[in-house]
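A.B. asks: For reference, this is final.txt, and it has compact mmCIF, C-alpha atoms.
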# COMPACT_ATOMS: atom_id res chain seq x y z
CA MET J 1 -132.02 44.55 -81.87
CA SER J 2 -129.80 47.31 -83.20
CA PRO J 3 -131.31 50.52 -84.63
CA ASN J 4 -129.52 49.86 -87.93
CA LEU J 5 -131.36 46.60 -88.40
CA ARG J 6 -134.67 48.24 -87.65
CA VAL J 7 -134.04 51.09 -90.11
CA ARG J 8 -133.01 48.75 -92.90
CA LEU J 9 -136.62 47.96 -93.79
CA GLY J 10 -137.34 51.50 -94.93
CA VAL J 11 -133.99 51.74 -96.68
CA GLY J 12 -134.71 48.48 -98.49
CA LEU J 13 -137.99 49.79 -99.84
CA ILE J 14 -136.27 52.91 -101.16
CA ALA J 15 -133.66 50.72 -102.82
CA LEU J 16 -136.39 48.71 -104.53
CA VAL J 17 -137.98 51.85 -105.94
CA GLY J 18 -134.62 53.06 -107.20
CA ALA J 19 -133.96 49.71 -108.84
CA GLY J 20 -137.29 49.77 -110.68
CA ALA J 21 -136.02 51.43 -113.86
CA VAL J 22 -133.09 49.04 -114.16
CA ALA J 23 -135.35 46.05 -113.59
CA GLY J 24 -137.64 47.26 -116.38
CA VAL J 25 -134.77 47.31 -118.89
CA VAL J 26 -133.65 43.83 -117.88
CA LEU J 27 -137.16 42.41 -118.25
CA ALA J 28 -137.51 44.03 -121.65
CA THR J 29 -134.36 42.37 -122.99
CA ARG J 30 -134.31 39.00 -121.15
CA GLN J 31 -136.76 36.29 -120.21
CA ASP J 32 -135.06 35.45 -116.90
CA PRO J 33 -137.17 36.29 -113.82
CA ALA J 34 -136.07 39.30 -111.77
CA GLN J 35 -133.65 38.35 -109.02
CA PRO J 36 -134.06 39.51 -105.42
CA GLN J 37 -132.07 42.63 -104.59
CA LEU J 38 -129.75 42.81 -101.60
CA GLN J 39 -131.40 45.06 -99.01
CA CYS J 40 -128.64 45.26 -96.37
CA ARG J 41 -125.04 46.01 -97.15
CA ARG J 42 -124.26 45.06 -93.58
CA ALA J 43 -126.13 42.66 -91.32
CA ALA J 44 -125.42 41.13 -87.94
CA ALA J 45 -127.01 38.42 -85.86
CA VAL J 46 -129.77 39.36 -83.43
CA VAL J 47 -129.01 37.64 -80.14
CA VAL J 48 -131.01 38.06 -76.92
CA PRO J 49 -128.85 37.61 -73.79
CA GLY J 50 -130.09 34.94 -71.45
CA VAL J 51 -132.15 33.04 -74.03
CA ALA J 52 -130.72 29.64 -74.92
CA GLY J 53 -129.92 28.93 -78.55
CA ARG J 54 -127.19 28.24 -81.06
CA THR J 55 -125.90 31.78 -81.01
CA SER J 56 -122.32 30.93 -82.01
CA ALA J 57 -123.44 29.17 -85.17
CA VAL J 58 -125.76 32.05 -86.06
CA ARG J 59 -123.04 34.65 -85.53
CA ALA J 60 -120.67 32.58 -87.66
CA ALA J 61 -123.23 32.50 -90.48
CA PHE J 62 -123.40 36.31 -90.49
CA ALA J 63 -119.62 36.73 -90.33
CA SER J 64 -119.30 36.47 -94.10
CA TRP J 65 -122.44 38.42 -94.97
CA PRO J 66 -123.95 38.14 -97.50
CA HIS J 67 -121.88 35.29 -98.92
CA GLY J 68 -123.42 31.99 -97.90
CA THR J 69 -125.27 33.43 -94.91
CA VAL J 70 -128.77 32.48 -96.02
CA GLU J 71 -127.65 29.01 -97.03
CA ARG J 72 -125.93 28.34 -93.70
CA LEU J 73 -128.91 29.61 -91.73
CA GLN J 74 -131.28 27.50 -93.82
CA VAL J 75 -129.35 24.40 -92.83
CA LEU J 76 -129.49 25.46 -89.18
CA ALA J 77 -133.21 26.25 -89.40
CA ASN J 78 -133.96 22.81 -90.80
CA ARG J 79 -131.78 21.14 -88.21
CA TYR J 80 -133.08 23.10 -85.22
CA PRO J 81 -136.75 23.94 -85.94
CA HIS J 82 -137.46 24.93 -82.32
CA ASP J 83 -134.46 27.20 -81.81
CA ALA J 84 -135.75 30.79 -81.66
CA VAL J 85 -132.42 32.50 -82.34
CA VAL J 86 -131.91 30.38 -85.45
CA GLN J 87 -135.44 30.84 -86.75
CA LEU J 88 -135.49 34.62 -86.21
CA ASN J 89 -132.10 35.22 -87.80
CA TYR J 90 -132.95 33.07 -90.78
CA GLY J 91 -136.02 35.25 -91.33
CA LEU J 92 -133.91 38.38 -90.93
CA ALA J 93 -131.35 37.11 -93.43
CA LEU J 94 -134.05 36.25 -95.96
CA GLU J 95 -135.48 39.74 -95.67
CA CYS J 96 -132.07 41.37 -95.98
CA ARG J 97 -131.45 39.35 -99.14
CA GLY J 98 -134.75 40.46 -100.62
CA TYR J 99 -136.74 37.24 -100.29
CA PHE J 100 -139.71 39.03 -98.77
CA ALA J 101 -142.41 36.37 -99.10
CA ASP J 102 -140.17 33.67 -97.67
CA ALA J 103 -139.02 36.05 -94.93
CA GLU J 104 -142.59 36.77 -93.86
CA GLN J 105 -143.37 33.07 -93.49
CA GLN J 106 -140.14 32.47 -91.64
CA LEU J 107 -140.65 35.39 -89.25
CA GLU J 108 -144.14 34.14 -88.42
CA ARG J 109 -142.53 30.79 -87.59
CA ALA J 110 -139.90 32.52 -85.47
CA LYS J 111 -142.62 34.38 -83.59
CA ARG J 112 -144.30 31.08 -82.70
CA VAL J 113 -141.06 29.33 -81.76
CA GLY J 114 -139.89 32.29 -79.66
CA ARG J 115 -143.15 32.58 -77.75
CA ASP J 116 -142.82 34.42 -74.43
CA THR J 117 -139.28 35.58 -75.19
CA GLN J 118 -137.84 38.73 -76.73
CA TYR J 119 -137.48 36.81 -80.01
CA GLU J 120 -141.26 36.73 -80.37
CA ILE J 121 -141.38 40.50 -79.98
CA ASP J 122 -138.44 41.06 -82.35
CA ALA J 123 -140.09 38.88 -84.99
CA ASP J 124 -143.36 40.78 -84.57
CA GLN J 125 -141.56 44.10 -85.07
CA LEU J 126 -139.86 42.88 -88.24
CA LEU J 127 -143.24 41.77 -89.54
CA HIS J 128 -144.72 45.21 -88.79
CA PRO J 129 -142.08 47.84 -89.65
CA SER J 130 -144.67 50.64 -89.74
CA PHE J 131 -145.40 50.17 -86.03
CA PHE J 132 -143.42 51.80 -83.25
CA GLN J 133 -140.11 49.95 -82.98
CA GLY J 134 -139.64 49.92 -79.23
CA GLY J 135 -140.62 46.42 -78.19
CA TYR J 136 -144.13 46.07 -76.80
CA PRO J 137 -145.79 48.73 -74.64
CA VAL J 138 -144.99 48.03 -71.00
CA TYR J 139 -147.42 48.69 -68.19
CA GLU J 140 -145.89 50.85 -65.46
CA PRO J 141 -147.78 50.39 -62.17
CA SER J 142 -148.15 53.36 -59.86
CA THR J 143 -148.83 51.03 -56.92
CA THR J 144 -146.80 48.35 -55.16
CA ASP J 145 -149.23 45.58 -56.07
CA PRO J 146 -146.88 42.56 -56.36
CA LEU J 147 -148.68 41.05 -59.35
CA LEU J 148 -148.52 44.28 -61.35
CA VAL J 149 -144.91 44.99 -60.36
CA ARG J 150 -143.79 41.48 -61.27
CA GLY J 151 -145.76 41.59 -64.50
CA SER J 152 -144.12 44.85 -65.52
CA LEU J 153 -140.68 43.37 -64.88
CA LEU J 154 -141.52 40.28 -66.93
CA GLN J 155 -142.65 42.48 -69.81
CA ARG J 156 -139.36 44.34 -69.78
CA GLN J 157 -137.58 40.98 -69.98
CA GLY J 158 -139.60 40.03 -73.05
CA HIS J 159 -141.94 37.58 -71.30
CA GLN J 160 -145.20 39.06 -72.58
CA HIS J 161 -147.40 36.02 -71.95
CA SER J 162 -146.07 35.38 -68.46
CA ALA J 163 -146.77 39.03 -67.64
CA GLU J 164 -150.24 38.78 -69.13
CA ARG J 165 -151.07 35.85 -66.85
CA LEU J 166 -150.12 37.89 -63.78
CA TYR J 167 -152.08 40.90 -64.99
CA LEU J 168 -155.14 38.74 -65.61
CA LYS J 169 -154.82 37.23 -62.14
CA ALA J 170 -154.71 40.72 -60.64
CA ALA J 171 -157.73 41.76 -62.73
CA ARG J 172 -159.74 38.76 -61.54
CA GLN J 173 -158.81 39.36 -57.93
CA GLN J 174 -159.57 43.09 -58.13
CA PRO J 175 -162.43 43.57 -60.62
CA ASN J 176 -162.92 47.21 -59.57
CA ASN J 177 -159.23 48.14 -59.65
CA VAL J 178 -158.79 50.22 -62.79
CA GLU J 179 -155.00 49.74 -62.84
CA ALA J 180 -155.33 45.96 -62.79
CA GLN J 181 -157.89 46.08 -65.59
CA VAL J 182 -155.70 48.37 -67.74
CA ALA J 183 -152.65 46.20 -67.13
CA ALA J 184 -154.58 43.14 -68.30
CA ALA J 185 -155.48 44.98 -71.50
CA VAL J 186 -151.89 46.10 -72.14
CA GLY J 187 -150.67 42.55 -71.55
CA ARG J 188 -152.82 41.37 -74.47
CA PHE J 189 -150.99 43.59 -76.99
CA ASP J 190 -149.84 41.83 -80.15
CA MET J 191 -148.87 43.54 -83.40
CA ASP J 192 -150.60 40.85 -85.45
CA ASN J 193 -153.80 41.49 -83.49
CA PRO J 194 -153.90 44.94 -81.83
CA SER J 195 -157.63 44.59 -81.25
CA ALA J 196 -156.90 42.07 -78.49
CA ALA J 197 -155.80 45.00 -76.32
CA PHE J 198 -158.02 47.75 -77.74
CA SER J 199 -161.17 45.68 -77.36
CA HIS J 200 -160.59 45.78 -73.61
CA LEU J 201 -159.29 49.34 -73.30
CA GLY J 202 -162.23 50.81 -75.20
CA PRO J 203 -164.88 49.52 -72.74
CA LEU J 204 -162.67 50.63 -69.84
CA ALA J 205 -162.73 54.19 -71.20
CA LYS J 206 -166.54 54.10 -71.02
CA ARG J 207 -166.56 52.45 -67.61
CA TYR J 208 -164.00 54.87 -66.17
CA PRO J 209 -164.46 58.13 -68.13
CA GLN J 210 -162.50 60.13 -65.51
CA SER J 211 -159.51 57.78 -65.38
CA GLN J 212 -156.19 59.24 -66.48
CA VAL J 213 -154.53 55.84 -66.57
CA VAL J 214 -157.08 54.49 -69.06
CA ARG J 215 -156.67 57.50 -71.37
CA TYR J 216 -152.89 57.37 -71.11
CA TYR J 217 -152.55 53.72 -72.09
CA LEU J 218 -155.16 54.05 -74.79
CA GLY J 219 -153.02 56.84 -76.24
CA LEU J 220 -149.82 54.85 -75.76
CA LEU J 221 -151.11 51.85 -77.67
CA LEU J 222 -152.33 54.16 -80.43
CA VAL J 223 -148.75 55.47 -80.70
CA TRP J 224 -147.57 51.89 -81.12
CA ILE J 225 -149.78 51.25 -84.14
CA GLY J 226 -148.99 54.61 -85.74
CA GLN J 227 -152.27 56.42 -84.99
CA ARG J 228 -150.62 59.71 -84.02
CA ASN J 229 -153.64 62.04 -84.13
CA GLN J 230 -155.85 59.72 -82.12
CA ALA J 231 -153.03 59.23 -79.62
CA LEU J 232 -152.67 62.98 -79.19
CA ALA J 233 -156.40 63.30 -78.50
CA GLU J 234 -156.23 60.62 -75.79
CA PHE J 235 -153.14 62.19 -74.19
CA GLN J 236 -154.80 65.62 -74.18
CA GLN J 237 -157.82 64.13 -72.42
CA ALA J 238 -155.53 62.47 -69.89
CA VAL J 239 -153.87 65.80 -69.06
CA ALA J 240 -157.23 67.58 -68.82
CA LEU J 241 -158.38 65.03 -66.24
CA GLY J 242 -155.60 66.11 -63.87
CA PRO J 243 -152.82 68.41 -65.08
CA ASP J 244 -151.24 68.60 -61.62
CA THR J 245 -151.06 64.87 -60.92
CA ARG J 246 -147.83 62.96 -61.45
CA LEU J 247 -149.25 61.17 -64.50
CA GLY J 248 -150.76 64.39 -65.83
CA LYS J 249 -147.36 66.11 -65.72
CA GLN J 250 -145.67 63.12 -67.39
CA VAL J 251 -148.23 63.04 -70.19
CA ALA J 252 -147.88 66.80 -70.71
CA LEU J 253 -144.15 66.34 -71.26
CA LEU J 254 -144.87 63.43 -73.58
CA LEU J 255 -147.25 65.58 -75.60
CA ALA J 256 -144.61 68.28 -75.94
CA ARG J 257 -142.07 65.77 -77.27
CA ILE J 258 -144.55 64.33 -79.75
CA LYS J 259 -145.43 67.77 -81.07
CA ARG J 260 -141.72 68.51 -81.58
CA GLY J 261 -141.47 65.35 -83.67
CA GLY J 262 -141.20 61.62 -83.11
CA SER J 263 -143.23 59.37 -80.88
CA GLY J 264 -141.96 60.86 -77.64
CA VAL J 265 -142.01 57.38 -76.13
CA GLN J 266 -138.94 55.95 -74.49
CA GLN J 267 -138.92 52.33 -73.37
CA ARG J 268 -136.24 49.85 -72.38
Can you present the structure in this file as structure tokens?
C.D. replies:
Amino acid sequence: MSPNLRVRLGVGLIALVGAGAVAGVVLATRQDPAQPQLQCRRAAAVVVPGVAGRTSAVRAAFASWPHGTVERLQVLANRYPHDAVVQLNYGLALECRGYFADAEQQLERAKRVGRDTQYEIDADQLLHPSFFQGGYPVYEPSTTDPLLVRGSLLQRQGHQHSAERLYLKAARQQPNNVEAQVAAAVGRFDMDNPSAAFSHLGPLAKRYPQSQVVRYYLGLLLVWIGQRNQALAEFQQAVALGPDTRLGKQVALLLARIKRGGSGVQQR
């Protein structure tokens, strides 16, 4: 998804505030209900390479934005209810046209239809614009464990649930392997339900109080949900546990970037 499309949510909210005074005058002089305001002067289709769908039809619908785009996508959405690219882009178009309630319902549908693909993640991000807009947090194994390595690759490809299954398998096979346990927690991450991951990472922090990897991923997931101060505290603990280790040095650099501004996180 392009940065412009991600930024448009904040811009749209500013536009709504600016339009408030005008809307008040209209309501004072007319009985017609307020009409949705266009949020995106420009909009383009979100298409994930390698995922099947009616991409040509979706791109064609956006070609004349905003004229007729929502209507064309509505027809496609009704005709192809299980097509993730159609469902996601219909939700995006609704949001860009200012139909926020309808867009939320549609994006939830797109998230379900696009399960285990990048479309699920993109829909989740559009539903949660205050969260970090960098996909889902990806577990980066420091070992060559084939389950963890394959799971990390699947995450990067947008297959969150497939990765989670591999992480859980590794965790079951290696109950005392802290990396496998942390990976299984990270694989549970979902913006609609962050506690699915945190409820496993929290106990791991108590079980492995001297583990850098636990503290690092606890901090990383806190970055994702916008808890900057808590994330900084976890990262600082991670560095203190081993400033000269490879992870300790990486986290120290991450801390420096965060303190200069921004999340400091770079993924995909």
A.B. asks: Could you tell me, as a list in words, which residues have any atom at most 8 Å from (-155.4, 42.8, -75.7), counting all atoms listed in the file?
C.D. replies: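 Collected hits near the coordinates: Ala184, Ala185, Val186, Gly187, Arg188, Phe189, Asp190, Pro194, Ser195, Ala196, Ala197, Phe198, Ser199, His200 and Leu201 of chain J.
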A.B. asks: Considering all atoms listed in the file, return as number ranges by chain whatever protein or nucleic-acid residues lie within 7 Å of stretch 36-45 of chain J, sequence-local ones (same chain, fewer than 4 positions apart) excluded.
C.D. replies: J: 8, 12, 58-59, 62, 65, 89, 96-99
A.B. asks: What does the file look like for those residues with C-alpha atoms, as a PDB file, in the coordinates of the input?
C.D. replies:
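Just written: part-v9.pdb:
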ATOM      1  CA  ARG J   8    -133.010  48.750 -92.900  1.00  0.00           C
ATOM      2  CA  GLY J  12    -134.710  48.480 -98.490  1.00  0.00           C
ATOM      3  CA  VAL J  58    -125.760  32.050 -86.060  1.00  0.00           C
ATOM      4  CA  ARG J  59    -123.040  34.650 -85.530  1.00  0.00           C
ATOM      5  CA  PHE J  62    -123.400  36.310 -90.490  1.00  0.00           C
ATOM      6  CA  TRP J  65    -122.440  38.420 -94.970  1.00  0.00           C
ATOM      7  CA  ASN J  89    -132.100  35.220 -87.800  1.00  0.00           C
ATOM      8  CA  CYS J  96    -132.070  41.370 -95.980  1.00  0.00           C
ATOM      9  CA  ARG J  97    -131.450  39.350 -99.140  1.00  0.00           C
ATOM     10  CA  GLY J  98    -134.750  40.460-100.620  1.00  0.00           C
ATOM     11  CA  TYR J  99    -136.740  37.240-100.290  1.00  0.00           C
TER      12      TYR J  99
END
A.B. asks: What separation in Å, quoted to one decimal, exists between atom CA of J:Pro129 and atom CA of J:Trp224?
C.D. replies: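 Calculated distance between atom CA of J:Pro129 and atom CA of J:Trp224 is 10.9 Å.
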A.B. asks: Please determine, counting all atoms listed in the file, which residue among J:Ala63, J:Gln74, J:Leu126, J:Ile121 has the shortest atom-to-atom distance to J:Leu92.
C.D. replies: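 Answer, going by the shortest atom-to-atom distance: J:Leu126.
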A.B. asks: With 8 Å added on each side, what axis-aligned box encloses every listed atom of stretch 132-147 of chain J? Give the centre and edge lengths in Å to one decimal, as JSON.
C.D. replies:
{"center_x": -144.4, "center_y": 47.2, "center_z": -69.2, "size_x": 25.6, "size_y": 28.3, "size_z": 44.1}
A.B. asks: Rank nothing, just name the residue among J:Phe131, J:Gln35, J:Glu120, J:Arg79 nearest to J:Gln227, using all atoms listed in the file.
C.D. replies: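 Of the candidates, the smallest distance to J:Gln227 is held by J:Phe131.
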A.B. asks: Between J:Gln173, J:Ala183, J:Leu127, J:Ile225, which has the minimum distance to J:Val149 (counting only C-alpha atoms)?
C.D. replies: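 So, comparing all the options, the nearest one is J:Ala183.
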A.B. asks: I'd like to know which of J:Val213, J:Tyr90, J:Leu232, J:Leu147 is closest to J:Arg246, using all atoms listed in the file.
C.D. replies: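 Of all the options, J:Val213 lies closest to J:Arg246.
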A.B. asks: Please measure the separation of atom CA of J:Asp145 and atom CA of J:Gln210, giving the value in Å to one decimal.
C.D. replies: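 For atom CA of J:Asp145 relative to atom CA of J:Gln210, the distance reads 21.8 Å.
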A.B. asks: Give me, please, the distance in Å between atom CA of J:Pro137 and atom CA of J:Arg54, quoted to one decimal.
C.D. replies: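 So the answer is 28.4 Å.
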A.B. asks: Just want the 6 Å neighbourhood of stretch 103-111 of chain J, counted on only C-alpha atoms, with same-chain residues fewer than 4 positions away dropped. Output as a list in words.
C.D. replies: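 The contact residues come out as Ala84, Gln87, Leu88, Gly91, Leu94, Glu95, Tyr99, Glu120 and Ala123 of chain J.
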A.B. asks: Find the residues around stretch 247-257 of chain J up to 10 Å (all atoms listed in the file counted), leave out those fewer than 3 positions away in its own chain, and share them as a JSON list (two decimals) with C-alpha atoms, in the coordinates of the input.
C.D. replies:
[["chain", "number", "residue", "atom", "x", "y", "z"],
["J", 142, "SER", "CA", -148.15, 53.36, -59.86],
["J", 212, "GLN", "CA", -156.19, 59.24, -66.48],
["J", 213, "VAL", "CA", -154.53, 55.84, -66.57],
["J", 216, "TYR", "CA", -152.89, 57.37, -71.11],
["J", 219, "GLY", "CA", -153.02, 56.84, -76.24],
["J", 231, "ALA", "CA", -153.03, 59.23, -79.62],
["J", 232, "LEU", "CA", -152.67, 62.98, -79.19],
["J", 233, "ALA", "CA", -156.40, 63.30, -78.50],
["J", 235, "PHE", "CA", -153.14, 62.19, -74.19],
["J", 236, "GLN", "CA", -154.80, 65.62, -74.18],
["J", 237, "GLN", "CA", -157.82, 64.13, -72.42],
["J", 238, "ALA", "CA", -155.53, 62.47, -69.89],
["J", 239, "VAL", "CA", -153.87, 65.80, -69.06],
["J", 240, "ALA", "CA", -157.23, 67.58, -68.82],
["J", 241, "LEU", "CA", -158.38, 65.03, -66.24],
["J", 242, "GLY", "CA", -155.60, 66.11, -63.87],
["J", 243, "PRO", "CA", -152.82, 68.41, -65.08],
["J", 244, "ASP", "CA", -151.24, 68.60, -61.62],
["J", 260, "ARG", "CA", -141.72, 68.51, -81.58],
["J", 261, "GLY", "CA", -141.47, 65.35, -83.67],
["J", 262, "GLY", "CA", -141.20, 61.62, -83.11],
["J", 263, "SER", "CA", -143.23, 59.37, -80.88],
["J", 264, "GLY", "CA", -141.96, 60.86, -77.64],
["J", 265, "VAL", "CA", -142.01, 57.38, -76.13],
["J", 266, "GLN", "CA", -138.94, 55.95, -74.49]]
A.B. asks: Calculated over all atoms listed in the file, which of the candidates J:Val178, J:Ala93, J:Arg150, J:Pro66 has the smallest distance to J:Arg165?
C.D. replies: J:Arg150
A.B. asks: I'd like to know which of J:His82, J:Thr143, J:Asp102, J:Leu168 is closest to J:Val70, using all atoms listed in the file.
C.D. replies: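 The answer is J:Asp102, which sits nearest to J:Val70.
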A.B. asks: Would you mind putting back N, CA and C atoms on stretch 198-221 of chain J, then writing it out as a PDB file, keeping the file's coordinate frame?
C.D. replies:
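As a result, result-v5.pdb now contains:
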ATOM      1  N   PHE J 198    -157.090  46.626 -77.608  1.00  0.00           N
ATOM      2  CA  PHE J 198    -158.020  47.750 -77.740  1.00  0.00           C
ATOM      3  C   PHE J 198    -159.451  47.359 -77.403  1.00  0.00           C
ATOM      4  N   SER J 199    -159.808  46.105 -77.654  1.00  0.00           N
ATOM      5  CA  SER J 199    -161.170  45.680 -77.360  1.00  0.00           C
ATOM      6  C   SER J 199    -161.457  45.670 -75.868  1.00  0.00           C
ATOM      7  N   HIS J 200    -160.413  45.704 -75.054  1.00  0.00           N
ATOM      8  CA  HIS J 200    -160.590  45.780 -73.610  1.00  0.00           C
ATOM      9  C   HIS J 200    -160.404  47.220 -73.102  1.00  0.00           C
ATOM     10  N   LEU J 201    -159.501  47.960 -73.729  1.00  0.00           N
ATOM     11  CA  LEU J 201    -159.290  49.340 -73.300  1.00  0.00           C
ATOM     12  C   LEU J 201    -160.486  50.231 -73.647  1.00  0.00           C
ATOM     13  N   GLY J 202    -161.094  49.992 -74.799  1.00  0.00           N
ATOM     14  CA  GLY J 202    -162.230  50.810 -75.200  1.00  0.00           C
ATOM     15  C   GLY J 202    -163.364  50.778 -74.170  1.00  0.00           C
ATOM     16  N   PRO J 203    -163.835  49.588 -73.782  1.00  0.00           N
ATOM     17  CA  PRO J 203    -164.880  49.520 -72.740  1.00  0.00           C
ATOM     18  C   PRO J 203    -164.446  50.130 -71.413  1.00  0.00           C
ATOM     19  N   LEU J 204    -163.151  50.028 -71.089  1.00  0.00           N
ATOM     20  CA  LEU J 204    -162.670  50.630 -69.840  1.00  0.00           C
ATOM     21  C   LEU J 204    -162.796  52.149 -69.884  1.00  0.00           C
ATOM     22  N   ALA J 205    -162.593  52.737 -71.065  1.00  0.00           N
ATOM     23  CA  ALA J 205    -162.730  54.190 -71.200  1.00  0.00           C
ATOM     24  C   ALA J 205    -164.164  54.626 -70.932  1.00  0.00           C
ATOM     25  N   LYS J 206    -165.136  53.785 -71.299  1.00  0.00           N
ATOM     26  CA  LYS J 206    -166.540  54.100 -71.020  1.00  0.00           C
ATOM     27  C   LYS J 206    -166.891  53.845 -69.558  1.00  0.00           C
ATOM     28  N   ARG J 207    -166.275  52.796 -69.006  1.00  0.00           N
ATOM     29  CA  ARG J 207    -166.560  52.450 -67.610  1.00  0.00           C
ATOM     30  C   ARG J 207    -165.924  53.432 -66.647  1.00  0.00           C
ATOM     31  N   TYR J 208    -164.723  53.929 -67.029  1.00  0.00           N
ATOM     32  CA  TYR J 208    -164.000  54.870 -66.170  1.00  0.00           C
ATOM     33  C   TYR J 208    -163.683  56.145 -66.961  1.00  0.00           C
ATOM     34  N   PRO J 209    -164.679  56.955 -67.274  1.00  0.00           N
ATOM     35  CA  PRO J 209    -164.460  58.130 -68.130  1.00  0.00           C
ATOM     36  C   PRO J 209    -163.542  59.185 -67.506  1.00  0.00           C
ATOM     37  N   GLN J 210    -163.357  59.146 -66.174  1.00  0.00           N
ATOM     38  CA  GLN J 210    -162.500  60.130 -65.510  1.00  0.00           C
ATOM     39  C   GLN J 210    -161.131  59.550 -65.138  1.00  0.00           C
ATOM     40  N   SER J 211    -160.771  58.429 -65.731  1.00  0.00           N
ATOM     41  CA  SER J 211    -159.510  57.780 -65.380  1.00  0.00           C
ATOM     42  C   SER J 211    -158.375  58.227 -66.297  1.00  0.00           C
ATOM     43  N   GLN J 212    -157.374  58.834 -65.709  1.00  0.00           N
ATOM     44  CA  GLN J 212    -156.190  59.240 -66.480  1.00  0.00           C
ATOM     45  C   GLN J 212    -155.434  58.030 -67.001  1.00  0.00           C
ATOM     46  N   VAL J 213    -155.340  56.993 -66.186  1.00  0.00           N
ATOM     47  CA  VAL J 213    -154.530  55.840 -66.570  1.00  0.00           C
ATOM     48  C   VAL J 213    -155.122  55.135 -67.790  1.00  0.00           C
ATOM     49  N   VAL J 214    -156.447  55.089 -67.889  1.00  0.00           N
ATOM     50  CA  VAL J 214    -157.080  54.490 -69.060  1.00  0.00           C
ATOM     51  C   VAL J 214    -156.756  55.305 -70.303  1.00  0.00           C
ATOM     52  N   ARG J 215    -156.930  56.636 -70.217  1.00  0.00           N
ATOM     53  CA  ARG J 215    -156.670  57.500 -71.370  1.00  0.00           C
ATOM     54  C   ARG J 215    -155.202  57.449 -71.786  1.00  0.00           C
ATOM     55  N   TYR J 216    -154.322  57.398 -70.784  1.00  0.00           N
ATOM     56  CA  TYR J 216    -152.890  57.370 -71.110  1.00  0.00           C
ATOM     57  C   TYR J 216    -152.522  56.110 -71.890  1.00  0.00           C
ATOM     58  N   TYR J 217    -152.943  54.958 -71.405  1.00  0.00           N
ATOM     59  CA  TYR J 217    -152.550  53.720 -72.090  1.00  0.00           C
ATOM     60  C   TYR J 217    -153.294  53.528 -73.396  1.00  0.00           C
ATOM     61  N   LEU J 218    -154.477  54.069 -73.504  1.00  0.00           N
ATOM     62  CA  LEU J 218    -155.160  54.050 -74.790  1.00  0.00           C
ATOM     63  C   LEU J 218    -154.345  54.864 -75.801  1.00  0.00           C
ATOM     64  N   GLY J 219    -153.861  56.029 -75.366  1.00  0.00           N
ATOM     65  CA  GLY J 219    -153.020  56.840 -76.240  1.00  0.00           C
ATOM     66  C   GLY J 219    -151.702  56.162 -76.561  1.00  0.00           C
ATOM     67  N   LEU J 220    -151.109  55.506 -75.553  1.00  0.00           N
ATOM     68  CA  LEU J 220    -149.820  54.850 -75.760  1.00  0.00           C
ATOM     69  C   LEU J 220    -149.921  53.742 -76.794  1.00  0.00           C
ATOM     70  N   LEU J 221    -150.952  52.926 -76.697  1.00  0.00           N
ATOM     71  CA  LEU J 221    -151.110  51.850 -77.670  1.00  0.00           C
ATOM     72  C   LEU J 221    -151.420  52.377 -79.059  1.00  0.00           C
TER      73      LEU J 221
END
